[in-house]
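S.K.: Please find protein-v1.txt (compact mmCIF, C-alpha atoms) on the next line:
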# COMPACT_ATOMS: atom_id res chain seq x y z
CA MET H 103 -9.96 38.27 10.33
CA LYS H 104 -6.52 39.83 10.39
CA LEU H 105 -3.51 38.37 8.61
CA LEU H 106 -0.45 38.93 10.77
CA PHE H 107 2.70 38.30 8.77
CA THR H 108 6.22 38.08 10.15
CA PRO H 109 9.05 37.37 7.71
CA GLY H 110 11.75 35.06 9.04
CA ASP H 111 15.47 35.85 9.19
CA ASP H 112 16.07 32.27 8.01
CA GLY H 113 13.61 32.70 5.13
CA ILE H 114 10.81 30.89 6.95
CA GLY H 115 8.02 33.37 7.58
CA THR H 116 4.89 33.07 9.71
CA LEU H 117 1.34 34.06 8.86
CA VAL H 118 -1.17 34.12 11.71
CA LEU H 119 -4.91 33.99 11.01
CA SER H 120 -6.14 36.26 13.77
CA ASN H 121 -9.72 36.62 14.89
CA PRO H 122 -9.69 34.95 18.30
CA PRO H 123 -10.92 32.88 19.93
CA HIS H 124 -11.87 30.74 16.91
CA ASN H 125 -10.29 32.76 14.11
CA THR H 126 -13.59 32.78 12.24
CA PHE H 127 -13.86 34.21 8.75
CA ASN H 128 -16.36 37.07 9.18
CA GLU H 129 -16.32 37.93 5.49
CA PRO H 130 -15.71 35.59 2.56
CA LEU H 131 -13.34 38.18 1.09
CA PHE H 132 -11.16 38.01 4.20
CA ALA H 133 -8.24 40.13 2.98
CA GLU H 134 -7.13 42.44 0.19
CA ARG H 135 -5.69 40.57 -2.76
CA SER H 136 -2.61 42.81 -2.73
CA THR H 137 -2.02 42.00 0.96
CA VAL H 138 -1.95 38.26 0.23
CA GLU H 139 0.25 38.76 -2.82
CA GLY H 140 2.63 40.90 -0.78
CA ILE H 141 2.94 38.19 1.86
CA LEU H 142 3.48 35.36 -0.62
CA HIS H 143 6.09 37.30 -2.59
CA HIS H 144 7.89 38.89 0.33
CA PRO H 145 11.58 39.25 -0.61
CA GLY H 146 14.00 36.76 0.85
CA GLN H 147 11.34 34.29 1.95
CA LYS H 148 11.62 30.59 1.09
CA ALA H 149 8.75 29.04 3.06
CA LEU H 150 5.73 30.14 5.07
CA ILE H 151 4.02 28.68 8.13
CA LEU H 152 0.28 29.35 8.48
CA GLN H 153 -1.24 29.13 11.92
CA GLY H 154 -4.15 30.38 13.98
CA GLU H 155 -4.00 32.88 16.83
CA GLY H 156 -4.25 31.09 20.17
CA ARG H 157 -5.72 27.64 20.70
CA HIS H 158 -7.35 27.04 17.32
CA PHE H 159 -6.34 27.08 13.68
CA SER H 160 -9.70 28.35 12.43
CA HIS H 161 -13.32 27.33 12.79
CA GLY H 162 -14.19 28.78 9.37
CA ALA H 163 -17.23 30.97 8.78
CA ASP H 164 -19.64 31.97 11.54
CA PRO H 165 -22.83 30.08 10.53
CA VAL H 166 -25.26 32.68 11.90
CA ARG H 167 -23.50 35.49 10.11
CA LEU H 168 -23.21 33.39 6.98
CA ARG H 169 -27.01 32.89 6.89
CA GLU H 170 -27.47 36.69 6.85
CA GLN H 171 -24.76 37.23 4.26
CA LEU H 172 -26.29 34.67 1.92
CA ARG H 173 -29.23 37.05 1.43
CA GLU H 174 -26.99 39.90 0.31
CA PRO H 175 -26.74 40.37 -3.46
CA ALA H 176 -22.98 40.94 -3.36
CA PHE H 177 -22.31 37.69 -1.51
CA GLN H 178 -21.58 35.50 -4.50
CA ARG H 179 -19.04 37.98 -5.86
CA GLU H 180 -17.34 38.21 -2.47
CA LEU H 181 -17.25 34.44 -2.20
CA ASP H 182 -15.52 34.27 -5.58
CA GLY H 183 -13.07 36.90 -4.33
CA GLY H 184 -12.34 34.80 -1.25
CA LYS H 185 -11.82 31.71 -3.37
CA ALA H 186 -9.42 33.66 -5.56
CA LEU H 187 -7.38 34.41 -2.43
CA LEU H 188 -7.21 30.69 -1.64
CA SER H 189 -6.07 30.06 -5.20
CA LEU H 190 -3.20 32.47 -4.56
CA PHE H 191 -2.18 30.34 -1.57
CA ALA H 192 -2.53 27.14 -3.59
CA ALA H 193 -0.28 28.53 -6.34
CA ALA H 194 2.22 30.10 -3.94
CA SER H 195 5.81 30.41 -5.07
CA VAL H 196 7.06 29.20 -1.68
CA PRO H 197 6.07 26.00 0.17
CA LEU H 198 3.25 26.58 2.68
CA LEU H 199 2.89 24.57 5.86
CA ALA H 200 -0.30 24.72 7.93
CA LEU H 201 0.49 24.34 11.61
CA VAL H 202 -2.74 23.08 13.13
CA ARG H 203 -3.80 23.28 16.76
CA GLY H 204 -7.38 22.87 17.98
CA GLY H 205 -10.20 23.21 15.46
CA CYS H 206 -9.47 23.25 11.74
CA LEU H 207 -12.99 23.37 10.38
CA GLY H 208 -14.88 24.48 7.31
CA ALA H 209 -13.12 27.37 5.60
CA GLY H 210 -10.27 26.88 8.08
CA LEU H 211 -9.74 23.36 6.78
CA GLU H 212 -10.06 24.61 3.21
CA ILE H 213 -7.24 27.11 3.68
CA ALA H 214 -5.14 24.39 5.36
CA LEU H 215 -5.79 22.13 2.36
CA CYS H 216 -4.42 24.85 0.04
CA CYS H 217 -1.09 24.47 1.81
CA HIS H 218 1.48 21.94 0.67
CA PHE H 219 1.90 20.42 4.13
CA ARG H 220 -0.22 20.04 7.26
CA PHE H 221 1.44 19.34 10.61
CA ALA H 222 -1.06 18.86 13.43
CA ALA H 223 -1.15 18.64 17.20
CA SER H 224 -2.52 15.30 18.36
CA SER H 225 -5.54 17.04 19.91
CA SER H 226 -6.56 18.90 16.73
CA LEU H 227 -9.89 18.38 14.95
CA PHE H 228 -10.80 18.43 11.27
CA GLY H 229 -14.12 18.51 9.45
CA PHE H 230 -16.71 20.35 7.41
CA PRO H 231 -19.47 21.14 9.97
CA GLU H 232 -21.31 23.32 7.43
CA VAL H 233 -22.54 20.09 5.86
CA GLU H 234 -24.70 19.49 8.98
CA LEU H 235 -26.27 22.92 8.42
CA GLY H 236 -27.40 21.99 4.93
CA LEU H 237 -24.51 23.79 3.21
CA VAL H 238 -21.48 22.65 1.23
CA PRO H 239 -17.90 23.86 1.65
CA GLY H 240 -17.77 27.06 -0.38
CA PHE H 241 -14.06 27.80 -0.56
CA GLY H 242 -12.98 25.02 -2.91
CA GLY H 243 -12.63 22.32 -0.23
CA PRO H 244 -13.90 19.53 -2.50
CA LEU H 245 -11.30 20.50 -5.12
CA PHE H 246 -8.43 20.89 -2.68
CA LEU H 247 -9.22 17.56 -1.00
CA ASP H 248 -8.72 15.84 -4.33
CA GLY H 249 -5.15 14.71 -4.55
CA VAL H 250 -4.66 14.98 -0.78
CA ALA H 251 -7.08 12.36 0.52
CA THR H 252 -8.53 9.40 -1.36
CA ARG H 253 -11.79 10.05 -3.17
CA ARG H 254 -13.55 7.75 -0.70
CA ALA H 255 -12.31 9.78 2.27
CA ALA H 256 -13.24 13.02 0.51
CA VAL H 257 -16.82 11.87 -0.12
CA ASP H 258 -17.10 10.68 3.48
CA LEU H 259 -15.97 14.01 4.98
CA LEU H 260 -17.91 16.16 2.52
CA LEU H 261 -21.22 14.33 2.98
CA SER H 262 -21.16 13.19 6.60
CA GLY H 263 -19.81 16.43 8.02
CA ARG H 264 -18.26 14.35 10.78
CA MET H 265 -15.34 15.60 12.80
CA ILE H 266 -12.13 13.59 12.81
CA GLY H 267 -9.09 13.71 15.05
CA ALA H 268 -5.48 14.21 14.02
CA ALA H 269 -4.68 10.50 13.98
CA GLU H 270 -7.51 9.69 11.59
CA ALA H 271 -6.71 12.75 9.46
CA HIS H 272 -3.14 11.44 9.23
CA GLY H 273 -4.40 8.02 8.20
CA LEU H 274 -6.48 9.61 5.43
CA GLY H 275 -3.48 11.59 4.13
CA ILE H 276 -4.94 14.96 5.12
CA VAL H 277 -2.27 15.49 7.76
CA ASP H 278 1.40 14.78 7.04
CA ARG H 279 2.71 14.68 10.58
CA VAL H 280 1.12 14.49 14.04
CA CYS H 281 2.97 15.49 17.20
CA THR H 282 2.31 16.93 20.64
CA ALA H 283 1.22 20.57 20.76
CA ALA H 284 4.49 21.41 22.53
CA ALA H 285 6.67 19.87 19.81
CA LEU H 286 4.63 21.14 16.85
CA ASP H 287 6.40 24.41 16.19
CA GLN H 288 9.88 22.94 16.32
CA SER H 289 8.88 19.98 14.19
CA ALA H 290 7.57 22.28 11.44
CA ARG H 291 10.61 24.57 11.53
CA GLU H 292 13.03 21.67 11.40
CA TYR H 293 11.20 20.15 8.46
CA LEU H 294 11.13 23.41 6.48
CA GLN H 295 14.74 24.15 7.37
CA ALA H 296 15.77 20.76 5.96
CA LEU H 297 13.62 21.42 2.89
CA VAL H 298 14.71 24.94 1.92
CA GLY H 299 17.57 25.86 4.29
CA LYS H 300 20.28 25.16 1.72
CA ARG H 301 18.28 26.36 -1.29
CA THR H 302 18.45 29.86 -2.72
CA VAL H 303 15.33 32.00 -2.97
CA SER H 304 15.39 31.90 -6.77
CA GLN H 305 15.84 28.12 -6.75
CA VAL H 306 12.79 27.67 -4.50
CA ARG H 307 10.69 30.01 -6.64
CA ALA H 308 11.73 28.34 -9.91
CA VAL H 309 10.91 24.87 -8.58
CA MET H 310 7.56 26.03 -7.18
CA GLU H 311 6.62 27.78 -10.42
CA SER H 312 7.37 24.69 -12.45
CA LEU H 313 5.49 22.37 -10.08
CA ASN H 314 2.53 24.77 -10.22
CA ASN H 315 2.69 24.84 -14.01
CA ALA H 316 1.99 21.10 -13.98
CA ARG H 317 -1.67 21.83 -13.47
CA ARG H 318 -2.17 25.33 -14.83
CA LEU H 319 -0.41 25.11 -18.21
CA PRO H 320 -0.83 22.72 -21.14
CA LEU H 321 1.83 19.99 -20.91
CA ALA H 322 3.93 21.24 -23.83
CA ASP H 323 4.08 24.77 -22.38
CA ALA H 324 4.89 23.50 -18.89
CA LEU H 325 7.79 21.42 -20.27
CA GLN H 326 9.14 24.36 -22.28
CA ARG H 327 8.92 26.65 -19.27
CA GLU H 328 10.73 24.08 -17.10
CA THR H 329 13.71 24.28 -19.47
CA GLU H 330 13.75 28.09 -19.16
CA LEU H 331 13.52 27.89 -15.38
CA PHE H 332 16.29 25.29 -15.29
CA MET H 333 18.58 27.53 -17.35
CA GLY H 334 17.81 30.48 -15.07
CA VAL H 335 18.71 28.49 -11.95
CA ALA H 336 21.84 27.02 -13.59
CA ARG H 337 23.05 30.50 -14.53
CA GLY H 338 22.43 31.66 -10.98
CA GLU H 339 19.82 34.22 -12.07
CA MET M 298 14.31 -11.22 -31.77
CA GLY M 299 15.97 -8.21 -33.34
CA SER M 300 18.34 -5.65 -31.95
CA GLU M 301 19.45 -2.20 -33.02
CA GLY M 302 20.81 1.04 -31.62
CA SER M 303 24.20 2.15 -30.39
CA PRO M 304 26.34 0.48 -27.77
CA ARG M 305 24.82 2.90 -25.24
CA LEU M 306 21.19 2.36 -25.98
CA VAL M 307 19.80 -0.87 -27.39
CA VAL M 308 16.35 -1.65 -28.75
CA GLU M 309 15.30 -5.28 -28.78
CA GLN M 310 12.06 -6.88 -29.89
CA ASP M 311 10.79 -10.13 -28.56
CA GLY M 312 7.33 -11.62 -28.94
CA GLY M 313 5.59 -8.35 -29.69
CA ILE M 314 7.18 -6.48 -26.76
CA ALA M 315 10.11 -4.12 -27.29
CA ARG M 316 12.82 -3.37 -24.78
CA LEU M 317 14.85 -0.17 -24.63
CA VAL M 318 18.01 -0.95 -22.68
CA LEU M 319 20.11 1.81 -21.10
CA ASP M 320 23.38 0.04 -21.75
CA ALA M 321 26.28 1.85 -20.10
CA PRO M 322 26.83 -0.12 -16.92
CA PRO M 323 27.39 0.14 -14.07
CA ARG M 324 25.40 3.34 -13.66
CA ASN M 325 23.91 3.80 -17.15
CA GLU M 326 24.75 7.47 -16.87
CA MET M 327 23.03 9.85 -19.27
CA ASP M 328 25.69 11.96 -20.95
CA GLU M 329 25.58 14.12 -24.05
CA ASP M 330 26.16 11.08 -26.28
CA PHE M 331 23.29 9.24 -24.60
CA PHE M 332 20.84 12.07 -25.25
CA ARG M 333 22.00 12.44 -28.85
CA THR M 334 21.52 8.72 -29.46
CA LEU M 335 18.14 8.77 -27.75
CA ALA M 336 16.96 11.69 -29.88
CA ALA M 337 17.90 9.78 -33.02
CA LEU M 338 16.24 6.61 -31.75
CA VAL M 339 12.89 7.78 -30.35
CA GLY M 340 11.55 8.63 -33.80
CA THR M 341 11.81 4.99 -34.83
CA LEU M 342 10.22 3.65 -31.62
CA ALA M 343 6.75 4.79 -32.63
CA GLY M 344 6.91 2.73 -35.82
CA LEU M 345 7.83 -0.54 -34.11
CA PRO M 346 5.22 -3.27 -34.66
CA VAL M 347 4.93 -4.01 -30.94
CA ARG M 348 2.25 -4.06 -28.25
CA GLY M 349 4.36 -2.45 -25.58
CA LEU M 350 7.79 -1.25 -24.47
CA VAL M 351 9.86 -2.01 -21.37
CA ILE M 352 12.64 0.45 -20.52
CA HIS M 353 15.34 -0.83 -18.17
CA GLY M 354 19.00 -0.51 -17.32
CA ALA M 355 21.73 -3.02 -18.11
CA GLY M 356 22.98 -4.61 -14.91
CA ARG M 357 22.12 -3.57 -11.40
CA HIS M 358 20.89 0.01 -11.90
CA PHE M 359 18.27 1.77 -13.97
CA SER M 360 20.24 5.02 -14.35
CA SER M 361 22.07 7.49 -12.14
CA GLY M 362 20.94 10.29 -14.47
CA ALA M 363 23.15 12.98 -15.92
CA ASP M 364 26.72 13.50 -14.77
CA ILE M 365 26.34 16.66 -12.71
CA ASN M 366 29.93 17.80 -13.29
CA ALA M 367 29.66 17.38 -17.05
CA LEU M 368 26.31 19.16 -16.96
CA LYS M 369 27.75 22.09 -15.05
CA ALA M 370 30.74 22.28 -17.38
CA GLY M 371 28.30 22.30 -20.28
CA LEU M 372 26.25 25.07 -18.72
CA ALA M 373 29.38 27.10 -18.12
CA GLY M 374 30.00 27.02 -21.86
CA VAL M 375 32.86 24.52 -21.79
CA GLN M 376 30.70 22.18 -23.83
CA PRO M 377 28.54 24.51 -25.90
CA ALA M 378 26.30 21.63 -26.99
CA LEU M 379 24.52 21.81 -23.65
CA ALA M 380 22.57 24.93 -24.56
CA PRO M 381 18.85 25.31 -23.79
CA GLN M 382 18.06 23.71 -27.16
CA ALA M 383 20.06 20.63 -26.20
CA LEU M 384 18.35 20.43 -22.85
CA PHE M 385 14.93 20.81 -24.42
CA ALA M 386 15.85 18.12 -26.95
CA ALA M 387 16.23 15.72 -24.01
CA THR M 388 12.83 16.79 -22.69
CA SER M 389 11.38 16.30 -26.19
CA SER M 390 12.83 12.79 -26.42
CA PHE M 391 11.20 11.88 -23.10
CA GLN M 392 7.95 13.45 -24.28
CA THR M 393 8.06 11.35 -27.47
CA ILE M 394 8.32 8.29 -25.24
CA ALA M 395 5.38 9.54 -23.16
CA GLU M 396 3.33 9.79 -26.36
CA LEU M 397 4.20 6.39 -27.87
CA PRO M 398 1.16 4.69 -29.42
CA TYR M 399 1.52 1.65 -27.13
CA PRO M 400 1.87 1.22 -23.36
CA THR M 401 5.28 1.65 -21.70
CA VAL M 402 6.75 0.39 -18.44
CA ALA M 403 9.97 1.41 -16.72
CA ALA M 404 11.45 -1.63 -14.97
CA VAL M 405 13.54 -0.05 -12.24
CA GLY M 406 16.28 -1.78 -10.29
CA GLY M 407 18.90 -0.03 -8.18
CA CYS M 408 19.45 3.71 -8.72
CA CYS M 409 16.85 5.74 -10.55
CA LEU M 410 18.06 9.29 -10.13
CA GLY M 411 17.64 12.68 -11.76
CA SER M 412 17.03 12.41 -15.48
CA GLY M 413 16.89 8.63 -14.99
CA LEU M 414 13.79 9.12 -12.86
CA GLU M 415 12.48 11.70 -15.33
CA LEU M 416 12.69 9.05 -18.07
CA ALA M 417 10.85 6.56 -15.84
CA LEU M 418 8.20 9.23 -15.17
CA ALA M 419 7.63 9.53 -18.93
CA CYS M 420 6.49 5.88 -18.97
CA ARG M 421 2.87 4.91 -18.39
CA TRP M 422 3.86 2.66 -15.45
CA ARG M 423 6.84 2.01 -13.18
CA VAL M 424 7.63 -1.41 -11.73
CA ALA M 425 10.40 -1.41 -9.14
CA ALA M 426 12.70 -4.06 -7.75
CA ALA M 427 12.86 -4.13 -3.96
CA ASN M 428 16.39 -2.63 -4.13
CA ALA M 429 15.33 0.42 -6.16
CA VAL M 430 15.99 3.94 -4.89
CA PHE M 431 14.54 7.08 -6.39
CA ALA M 432 15.48 10.75 -6.15
CA LEU M 433 15.50 14.03 -8.00
CA PRO M 434 18.71 15.31 -6.35
CA GLU M 435 19.25 18.28 -8.70
CA THR M 436 18.39 20.97 -6.14
CA SER M 437 21.20 19.64 -3.91
CA PHE M 438 23.58 20.56 -6.74
CA ASP M 439 22.24 24.13 -7.09
CA LEU M 440 20.12 23.07 -10.07
CA MET M 441 16.56 21.82 -10.55
CA PRO M 442 15.07 18.93 -12.54
CA GLY M 443 15.05 19.89 -16.22
CA CYS M 444 13.65 16.96 -18.18
CA GLY M 445 9.98 17.07 -17.23
CA GLY M 446 10.31 15.89 -13.63
CA THR M 447 8.67 18.92 -12.03
CA VAL M 448 5.78 18.67 -14.48
CA ARG M 449 5.18 14.91 -14.33
CA LEU M 450 5.66 14.37 -10.60
CA PRO M 451 2.76 16.38 -9.06
CA PRO M 452 -0.12 14.49 -10.71
CA LEU M 453 1.48 11.22 -9.70
CA VAL M 454 2.31 11.82 -6.02
CA GLY M 455 0.30 14.96 -5.16
CA ARG M 456 1.59 18.51 -5.04
CA GLY M 457 2.79 18.45 -1.42
CA ARG M 458 4.90 15.34 -1.90
CA ALA M 459 6.22 16.74 -5.18
CA VAL M 460 7.41 19.87 -3.35
CA ASP M 461 8.98 17.67 -0.67
CA LEU M 462 10.80 15.40 -3.13
CA VAL M 463 12.09 18.11 -5.48
CA LEU M 464 13.19 20.67 -2.87
CA SER M 465 14.68 18.16 -0.44
CA GLY M 466 16.24 15.99 -3.16
CA ARG M 467 15.91 13.10 -0.71
CA PHE M 468 16.11 9.42 -1.60
CA VAL M 469 13.00 7.27 -1.55
CA ASP M 470 13.16 3.47 -1.33
CA ALA M 471 10.91 1.10 -3.24
CA GLY M 472 8.46 0.68 -0.37
CA GLU M 473 7.89 4.41 0.07
CA ALA M 474 7.79 4.87 -3.71
CA ARG M 475 4.91 2.39 -3.85
CA GLU M 476 3.16 4.04 -0.93
CA ILE M 477 3.21 7.53 -2.47
CA GLY M 478 2.28 6.42 -5.98
CA LEU M 479 5.67 6.95 -7.58
CA VAL M 480 5.74 3.30 -8.65
CA ASP M 481 2.87 0.94 -9.42
CA ALA M 482 4.35 -2.32 -8.13
CA VAL M 483 7.36 -3.62 -6.22
CA VAL M 484 8.71 -7.05 -7.09
CA ASP M 485 11.70 -9.25 -6.38
CA ARG M 486 14.87 -8.14 -8.20
CA ARG M 487 15.08 -11.36 -10.23
CA GLY M 488 11.44 -11.12 -11.28
CA LEU M 489 11.66 -7.48 -12.43
CA LEU M 490 11.72 -7.81 -16.21
CA GLY M 491 9.22 -10.67 -16.16
CA ALA M 492 6.79 -8.59 -14.08
CA ALA M 493 7.13 -5.58 -16.40
CA ARG M 494 6.55 -7.79 -19.41
CA ARG M 495 3.53 -9.53 -17.88
CA LEU M 496 1.99 -6.15 -17.06
CA LEU M 497 2.23 -5.17 -20.75
CA GLU M 498 0.95 -8.53 -21.97
CA ARG M 499 -2.01 -8.23 -19.63
CA VAL M 500 -3.03 -4.73 -20.73
CA ALA M 501 -2.29 -5.32 -24.42
CA ALA M 502 -3.97 -8.73 -24.63
Starting from the file, lay out its structure as structure tokens.

M.R.:
Amino acid sequence: MKLLFTPGDDGIGTLVLSNPPHNTFNEPLFAERSTVEGILHHPGQKALILQGEGRHFSHGADPVRLREQLREPAFQRELDGGKALLSLFAAASVPLLALVRGGCLGAGLEIALCCHFRFAASSSLFGFPEVELGLVPGFGGPLFLDGVATRRAAVDLLLSGRMIGAAEAHGLGIVDRVCTAAALDQSAREYLQALVGKRTVSQVRAVMESLNNARRLPLADALQRETELFMGVARGE
Amino acid sequence: MGSEGSPRLVVEQDGGIARLVLDAPPRNEMDEDFFRTLAALVGTLAGLPVRGLVIHGAGRHFSSGADINALKAGLAGVQPALAPQALFAATSSFQTIAELPYPTVAAVGGCCLGSGLELALACRWRVAAANAVFALPETSFDLMPGCGGTVRLPPLVGRGRAVDLVLSGRFVDAGEAREIGLVDAVVDRRGLLGAARRLLERVAA
């Protein structure tokens, strides 16, 4: 898996998950931590679009390869490393939008769920096929589904392993917007432009930090920090 | 029935339920005086012998929030009272309301904007009239929410929607507010206070 990052002149960057044709995750630790941090903190950027190379978003891990890796002693540590990368995405200081075409399965769906928004082509597919192989999603999918879909929908997807289309994923709250594959890119850019186009970089980062603090800091600390962030933004820092 | 407070902010008690009325119509704007009065008042709220509290605006609106121009003047040092301590005092007042030892409901009609919405978010529940509109428009004024909004919103509506609402500053009507979990019920404008009161009587019975 390669992460191909292109910063945007308008502050809206693009990150392509590249391992065609299915953009599978060959290793659980799919990138260097510093690479991901560099992308998420790239100067001048106010939003980031995540997409797959070619026809698919990502089909997740290769099940055959995964079976072999499970026997390796270092696997658990690498899996934790991979999950830590997803936590970086989930706590990003810019809004992340997953632009989904084709399959968005397993670890692919888990990384899409880390994003704040999911825009999908009407022909896209979502699911956790690893469940059918006697596994469970290993990248935090059950945690990231919480708060996106209802608990009932989460249990359904996580236990049945069934594949759902974009329309059903939209109905369950997993996908925010469905459009034709041709209109997808423009739809995402227009949305993000309306969201952050008039905001400054420091404003976006202050808001995102405070929203992230809601679940990573004790309430009293998060409230105190919000005041500091507010003053920073108000002073134009 | 008893009543106390300043002309801007009135506390009334009736049948075991208290009401905190934002009383500066038409918009029930939250200025420096409002926050000072609130800070002095919240300490006494906890001691009220009541089973619940309804917070609502006098007249058509809940509150349009802080006056952005006054706020900016304050931040520029024209009104030195609006220092970080003053801002955090507002947050602390809202937090005191969030921690009251009885259930609280914001009964929201009309505009519920900025710090007005942040006050409503500090309540346990929000009941909205069909004409209610909600927004955290601070980012549109080169600011950000500063009275707990960014902290209280994500668990209520989910982190994606929280990002959307805070960064866009867009207005949400009562129907959408219900759909995304920002409010717990939508009722007819005339039935608003009755519905808020019944909710408290039901849970505190």

S.K.: Which of these, H:Val233, H:Cys216, H:Met333, H:Leu260, has the shortest distance to Pro165 (chain H) once you count only C-alpha atoms?

M.R.: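 Of the candidates, the smallest distance to Pro165 (chain H) is held by H:Val233.
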
S.K.: Would you work out the distance separating CA of Pro346 (chain M) from CA of Glu498 (chain M), expressed in Å to one decimal?

M.R.: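 Computing it gives 14.4 Å between the two atoms.
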
S.K.: Using Å and a single decimal, report how far CA of Leu462 (chain M) sits from CA of Glu476 (chain M).

M.R.: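 The value is 13.9 Å.
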
S.K.: Using all atoms listed in the file, which residues sit within 6 Å of region 468-471 of chain M once same-chain residues fewer than 3 positions away are excluded, as a compact mmCIF listing (two decimals) with C-alpha atoms, keeping the file's coordinate frame?

M.R.:
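The resulting out_2.txt:
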# COMPACT_ATOMS: atom_id res chain seq x y z
CA ALA M 427 12.86 -4.13 -3.96
CA ALA M 429 15.33 0.42 -6.16
CA VAL M 430 15.99 3.94 -4.89
CA PHE M 431 14.54 7.08 -6.39
CA ALA M 432 15.48 10.75 -6.15
CA ALA M 474 7.79 4.87 -3.71

S.K.: Write out as a PyMOL selection string which residues come within 9 Å of Thr108 (chain H) when counting all atoms listed in the file, dropping same-chain ones fewer than 6 positions away.

M.R.: chain H and resi 115-118+141

S.K.: Pick out the closest residue to Glu396 (chain M) from this set: M:Arg486, M:Thr334, M:Leu342, M:Phe438. Count only C-alpha atoms.

M.R.: M:Leu342

S.K.: Show me, as a PyMOL selection string, every residue of chain M with an atom at most 9 Å from chain H, counting all atoms listed in the file.

M.R.: chain M and resi 369+372-373+380-382+384-385+388-389+392+436-437+439-452+454-466

S.K.: How far is it from CA of Phe359 (chain M) to CA of Cys409 (chain M), in Å with one decimal?

M.R.: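 CA of Phe359 (chain M) sits 5.4 Å away from CA of Cys409 (chain M).
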
S.K.: Might you pull out every residue within 12 Å of Val483 (chain M), with all atoms listed in the file counted and same-chain residues fewer than 4 positions away left off, and present them as a list in words?

M.R.: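 My list of contacting residues is Ala403, Ala404, Val405, Gly406, Trp422, Arg423, Val424, Ala425, Ala426, Ala427, Asn428, Ala429, Val430, Asp470, Ala471, Gly472, Glu473, Ala474, Arg475, Glu476, Gly478, Leu479, Arg487, Gly488, Leu489, Leu490, Ala492 and Ala493 of chain M.
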
S.K.: Within 12 Å of Phe127 (chain H), counting all atoms listed in the file, which residues show up once you throw out same-chain ones fewer than 5 positions away? Write them as a PDB file with C-alpha atoms, in the coordinates of the input, please.

M.R.:
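Once written, part_9.pdb looks like this:
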ATOM      1  CA  MET H 103      -9.960  38.270  10.330  1.00  0.00           C
ATOM      2  CA  LYS H 104      -6.520  39.830  10.390  1.00  0.00           C
ATOM      3  CA  LEU H 105      -3.510  38.370   8.610  1.00  0.00           C
ATOM      4  CA  LEU H 119      -4.910  33.990  11.010  1.00  0.00           C
ATOM      5  CA  SER H 120      -6.140  36.260  13.770  1.00  0.00           C
ATOM      6  CA  ASN H 121      -9.720  36.620  14.890  1.00  0.00           C
ATOM      7  CA  PRO H 122      -9.690  34.950  18.300  1.00  0.00           C
ATOM      8  CA  PHE H 132     -11.160  38.010   4.200  1.00  0.00           C
ATOM      9  CA  ALA H 133      -8.240  40.130   2.980  1.00  0.00           C
ATOM     10  CA  GLY H 154      -4.150  30.380  13.980  1.00  0.00           C
ATOM     11  CA  PHE H 159      -6.340  27.080  13.680  1.00  0.00           C
ATOM     12  CA  SER H 160      -9.700  28.350  12.430  1.00  0.00           C
ATOM     13  CA  HIS H 161     -13.320  27.330  12.790  1.00  0.00           C
ATOM     14  CA  GLY H 162     -14.190  28.780   9.370  1.00  0.00           C
ATOM     15  CA  ALA H 163     -17.230  30.970   8.780  1.00  0.00           C
ATOM     16  CA  ASP H 164     -19.640  31.970  11.540  1.00  0.00           C
ATOM     17  CA  PRO H 165     -22.830  30.080  10.530  1.00  0.00           C
ATOM     18  CA  VAL H 166     -25.260  32.680  11.900  1.00  0.00           C
ATOM     19  CA  ARG H 167     -23.500  35.490  10.110  1.00  0.00           C
ATOM     20  CA  LEU H 168     -23.210  33.390   6.980  1.00  0.00           C
ATOM     21  CA  LEU H 181     -17.250  34.440  -2.200  1.00  0.00           C
ATOM     22  CA  GLY H 184     -12.340  34.800  -1.250  1.00  0.00           C
ATOM     23  CA  LEU H 207     -12.990  23.370  10.380  1.00  0.00           C
ATOM     24  CA  GLY H 208     -14.880  24.480   7.310  1.00  0.00           C
ATOM     25  CA  ALA H 209     -13.120  27.370   5.600  1.00  0.00           C
ATOM     26  CA  GLY H 210     -10.270  26.880   8.080  1.00  0.00           C
ATOM     27  CA  LEU H 211      -9.740  23.360   6.780  1.00  0.00           C
ATOM     28  CA  GLU H 212     -10.060  24.610   3.210  1.00  0.00           C
ATOM     29  CA  ILE H 213      -7.240  27.110   3.680  1.00  0.00           C
ATOM     30  CA  PHE H 241     -14.060  27.800  -0.560  1.00  0.00           C
TER      31      PHE H 241
END

S.K.: Can you pull out the residues contacting His144 (chain H)? Cut-off 12 Å, using only C-alpha atoms, and skip same-chain residues under 3 positions away; I want them as a VMD selection string.

M.R.: chain H and resid 107 to 110 113 to 117 136 to 141 147 to 150 194 to 196 303 307

S.K.: What are the centre and the three edge lengths of an axis-aligned box that wraps all atoms of region 144-161 of chain H in the file, given that 3 Å is added to every side, written as JSON and rounded to one decimal in Å?

M.R.:
{"center_x": 0.3, "center_y": 33.1, "center_z": 10.0, "size_x": 33.3, "size_y": 18.2, "size_z": 27.3}

S.K.: Using all atoms listed in the file, list the residues that have an atom at most 7 Å from (23.3, 5.3, -12.1), coordinates as in the file, as a list in words.

M.R.: Pro323, Arg324, Asn325, Glu326, His358, Phe359, Ser360, Ser361, Gly362, Cys408, Cys409 and Leu410 of chain M

S.K.: Pick the closest to Ala386 (chain M) from M:Asp481, M:Glu435, M:Glu329, M:Asp364: which is it, counting all atoms listed in the file?

M.R.: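 Smallest separation from Ala386 (chain M) among the options: M:Glu329.
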
S.K.: Using only C-alpha atoms, which residue out of H:Val238, H:Ala193, H:Arg157, H:Arg169 lies closest to Gly205 (chain H)?

M.R.: H:Arg157
